[in-house]
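Colleague: Below is the structure I would like to discuss, written out as structure tokens.
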Amino acid sequence: MPSVPGFAVVGHPNEGKSSVVATLVENDRIRISPRPGETTTAKEYPIYIDGQAVIVFTDTPGFQNPVYLLGWLRQYEGDEAEALEHFIGEHRHDPGLAHECELLGPVARGAGIIYVLDASRPLRRVDVAEMEILRRTGRPRMAILNCKTGEEGFLEDWKNELRKYFHMVRVFHAVRATFAERLRLLESLRVLDQDWEQPLDRVIDAFVRNWKQRNTECAALLCGFLNRVLAMSASRNVKEAERDAEVEARLTRQLEDQIRDEETRLHGQVCDLFRHDRRSFVLPEHSVLREDVFSDTTWTVFGLSKTKLATAAAAAGAAAGAAVDAAALGHGLGIFTVLGGAVAGFGAFFRGETLLRTRVLGMEMGSRRIQVGPISSAQWLFIILDRFFLQYWHVVHWSHAMRDHDAVPGTGLESRAKQGISDTWSRAERGMCMEFFKARTKNAEQSNAAESGAFAEQRFQHFMEEELQRIASSSEL
Ligand SMILES: Nc1nc2c(ncn2[C@@H]2O[C@H](COP(=O)(O)OP(=O)(O)OP(=O)(O)O)[C@@H](O)[C@H]2O)c(=O)[nH]1
Ligand SMILES: [Mg+2]
């Protein structure tokens with residue numbers, strides 16, 4: 001038996017073999033098509049962890065002529081252990097059996113078998129021939145029921161039949177499998193053969209560590225992004241012929257563009273971390289994430305209710321032993337602080353709400369300087385977080401077998417009217433975020449500001465990691 005466990009993914013054409021492999025090895029490039037016969041040669045896809053191949057899945061073409069192959073096996077009188085090799089040797093140049101030769105190759109070399117079938121259709125005679133062939137190989141084997149259309153009426157019939165031929169039967173939706181489901185599949189493979197227990201334990205352990213590592217990196221990316229964005233501002237001197245409000249509007253647009261770019265970059269980095277090709281990952285057509293980050297809809301759908309925002313501030317204030325700055329709540333405020341005395345004309349952020357925090361910083365010789373930013377509304381933090389979580393949820397639930405959302409009924413739905421995850425947090429959790437916000441947006445004069453800021457960030461980042469872990473394993477938002 002090879003030292004690295006290997007599994008040949010076999011089955012009838014077009015039942016989802018390549019989809020299962022793509023999901024398991026996280027490869028968006030594997031060819032998947034509604035046209036039967038897409039895969040024509042066997043191809044190995046190892047999973048590497050720390051540069052080492054730890055498990056190999058082989059995608060194979062679908063059976064072409066299982067009835068002939070079964071007949072041949074029944075009549076074969078040689079050494080059973082060499083039957084597959086003999087079949088391949090004898091039929092290597094027969095185009096009518098090319099697929100059989102390809103799919104039997106890895107099995108003859110010692111691979112276990114994963115038989116994929118679409119259980120949303122009834123059982124046929126040809127399926128029984130395929131199952132009997134696989135049983136005769138004597139290899140450790142598992143059947144995967146992949147209900148392509150979502151129809152599950154035949155599931156029990158399939159299970160009853162498959163149990164006669166396979167050591168294990170599992171339902172696994174190739175295009176909807178979460179990380180937890182992938183892990184469970186690997187755990188089942190582990191018990192297929194005792195010799196694979198140890199290597200698969202290592203694979204599972206490495207999988208779990210790797211996933212945790214990705215979430216840690218994800219939370220770190222988020223914190224880096226927030227640190228940058230919460231410190232951003234735009235400023236310039238007002239020329240004589242200019243009106244303050246115009247300058248302010250221009251600076252605001254400039255700042256918004258910078259934040260948009262930063263957020264797009266962050267969301268792209270999440271895609272990269274989970275090994276998705278940014279070009280192949282698409283948000284559902286009606287996702288609220290397609291809304292501009294500064295739109296009214298975004299403001300309405302995400303973030304906290306006024307009461308929750310106020311209690312979060314109170315929680316943060318209590319924890320920090322400091323008074324709560326009501327101006328940071330975001331209620332009745334714009335997003336940015338404006339320094340420089342320009343108020344008129346700018347007030348219309350979010351349904352007529354006006355900026356309250358306006359101060360004149362000082363005048364340069366003969367001209368005023370206007371600065372827009374940094375972000376002064378804590379509500380904004382929760383909105384940005386909610387958008388991030390939604391992006392993360394879509395990324396981790398975007399199977400590597402998915403080629404577009406429309407092909408998969410029910411996936412990609414953002415099921416709650418109110419999509420703010422932050423709205424579901426406890427008062428203390430929201431308070432923790434508020435503390436981070438305060439630490440990042442205030443240049444507190446206290447001598448221990450940097451230290452307490454670092455502590456607030458650490459706690460915040462840790463909380464984010466836990467949230468990401470939780471969101472990854474929930475099938476609904
Ligand atoms: N809705 C849905 N479609 C699926 C699922 N699994 C596979 N498909 C679709 O079924 C078609 C065939 O999938 P493949 O993974 O290419 O099937 P295959 O068994 O590798 O096919 P061949 O290589 O032609 O033998 C593709 O259009 C997939 O998108 C599923 O779980 N749900
Ligand atoms: Mg295929």
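Letters A, B, ... go to the chains of the structure tokens in the order shown; residues in each chain start at 1; ligands are counted from 1 in the same order.
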Residues within 12 Å of ligand 2 (only C-alpha atoms and all ligand atoms), as a PyMOL selection string?
Modeller: chain A and resi 9-22+29-43+58-63+99+103+116+401
Colleague: So that I can check the surroundings of Ala180 of chain A, please list as a PDB file with C-alpha atoms, in the first residue's frame every protein, DNA and RNA residue that reaches within 9 Å of it, counting only C-alpha atoms and ignoring chain neighbours fewer than 4 positions away.
Modeller:
```
ATOM      1  CA  ARG A 184     -16.238  14.481   8.229  1.00  0.00           C
ATOM      2  CA  LEU A 185     -15.653  12.885   4.857  1.00  0.00           C
ATOM      3  CA  ALA A 472     -17.484  28.938   8.735  1.00  0.00           C
ATOM      4  CA  SER A 473     -19.391  26.011  10.179  1.00  0.00           C
TER       5      SER A 473
END
```
Colleague: Using DSSP on the backbone coordinates, identify the residues of segment 168-347 of chain A assigned to strand (DSSP E or B); present them as a list in words.
Modeller: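 The residues of segment 168-347 of chain A classed as strand (DSSP E or B) are Met168, Val169, Arg170, Val171, Ala234, Ser235, Arg236, Asn237, Phe336, Thr337, Val338 and Leu339 of chain A.
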Colleague: Tell me, in Å to one decimal, how far atom CA of Ile259 of chain A is from atom CA of Val229 of chain A.
Modeller: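 Rounded to one decimal, the two atoms are 6.4 Å apart.
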Colleague: Pick out the residues sitting within 9 Å of segment 153-156 of chain A, and hand them over as a PyMOL selection string; count only C-alpha atoms, and ignore anything fewer than 6 positions along from it in its own chain.
Modeller: chain A and resi 119-123+145+147+171
Colleague: Given only C-alpha atoms, how would the per-residue table for segment 82-102 of chain A near segment 125-138 of chain A read, listing every residue at most 10 Å away with its closest atom pair and distance in Å to one decimal, sorted by chain and number, as JSON lines?
Modeller:
```
{"residue": "A:Glu82", "atom": "CA", "partner": "A:Thr137", "partner_atom": "CA", "distance": 9.8}
{"residue": "A:Ala83", "atom": "CA", "partner": "A:Thr137", "partner_atom": "CA", "distance": 8.4}
{"residue": "A:Leu84", "atom": "CA", "partner": "A:Thr137", "partner_atom": "CA", "distance": 7.7}
```
Colleague: Restricting the output to C-alpha atoms, write the selected residues as a PDB file, in the first residue's frame.
Modeller:
```
ATOM      1  CA  GLU A  82      -3.609  -9.083 -10.907  1.00  0.00           C
ATOM      2  CA  ALA A  83      -7.006  -8.972 -12.614  1.00  0.00           C
ATOM      3  CA  LEU A  84      -7.106  -5.201 -13.069  1.00  0.00           C
TER       4      LEU A  84
END
```
Colleague: Measuring between only C-alpha atoms and all ligand atoms, which one of A:Ala174, A:Leu289, A:Val56, A:Leu309 shows the shortest distance to ligand 1?
Modeller: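 Answer, going by the shortest atom-to-atom distance: A:Ala174.
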Colleague: For atom 23 (O, counted along the ligand's line) of ligand 1 and atom CA of Tyr165 of chain A, determine how far apart the two atoms are, in Å to one decimal place.
Modeller: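 Atom-to-atom, atom 23 (O, counted along the ligand's line) of ligand 1 to atom CA of Tyr165 of chain A, that is 22.7 Å.
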Colleague: Can you tell me how far atom CA of Asp261 of chain A sits from atom CA of Arg369 of chain A, in Å to one decimal?
Modeller: 25.3 Å
Colleague: For Ser3 of chain A, find every residue with an atom within 9 Å (counting only C-alpha atoms), except residues of its own chain fewer than 2 positions away, and show them as a VMD selection string.
Modeller: chain A and resid 1 5 to 6 196 199
Colleague: Report as number ranges by chain all protein, DNA and RNA residues lying within 8 Å of segment 208-212 of chain A, evaluated on only C-alpha atoms, omitting residues in the same chain fewer than 4 positions from it.
Modeller: A: 204, 216, 469
Colleague: Taking 6 positions as the minimum chain separation for residues in the same chain, which residues sit within 9 Å of Ala316 of chain A when counting only C-alpha atoms? Answer as a list in words.
Modeller: Ala322, Val324, Ala428, Arg430, Gly431, Met432, Cys433, Met434, Glu435, Phe436 and Lys438 of chain A
Colleague: Within 9 Å of Asp28 of chain A, counting only C-alpha atoms, which residues show up once you throw out same-chain ones fewer than 6 positions away? Write them as a ChimeraX atom specification, please.
Modeller: /A:22,275-277,280,399-403
Colleague: Restricting it to C-alpha atoms, dump the selection as a short mmCIF file (atom, residue, chain, number, x, y, z; two decimals), in the first residue's frame.
Modeller:
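File written: selection.cif
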```cif
data_model
loop_
_atom_site.label_atom_id
_atom_site.label_comp_id
_atom_site.auth_asym_id
_atom_site.auth_seq_id
_atom_site.Cartn_x
_atom_site.Cartn_y
_atom_site.Cartn_z
CA ALA A 22 -12.43 20.02 -6.80
CA ARG A 275 -7.68 29.39 -2.35
CA HIS A 276 -10.34 30.77 -4.62
CA ASP A 277 -9.45 32.28 -7.90
CA SER A 280 -14.15 32.56 -10.49
CA SER A 399 -17.34 25.39 -3.09
CA HIS A 400 -14.40 24.92 -5.38
CA ALA A 401 -16.78 22.84 -7.48
CA MET A 402 -19.12 25.77 -7.98
CA ARG A 403 -18.92 27.40 -11.35
#
```
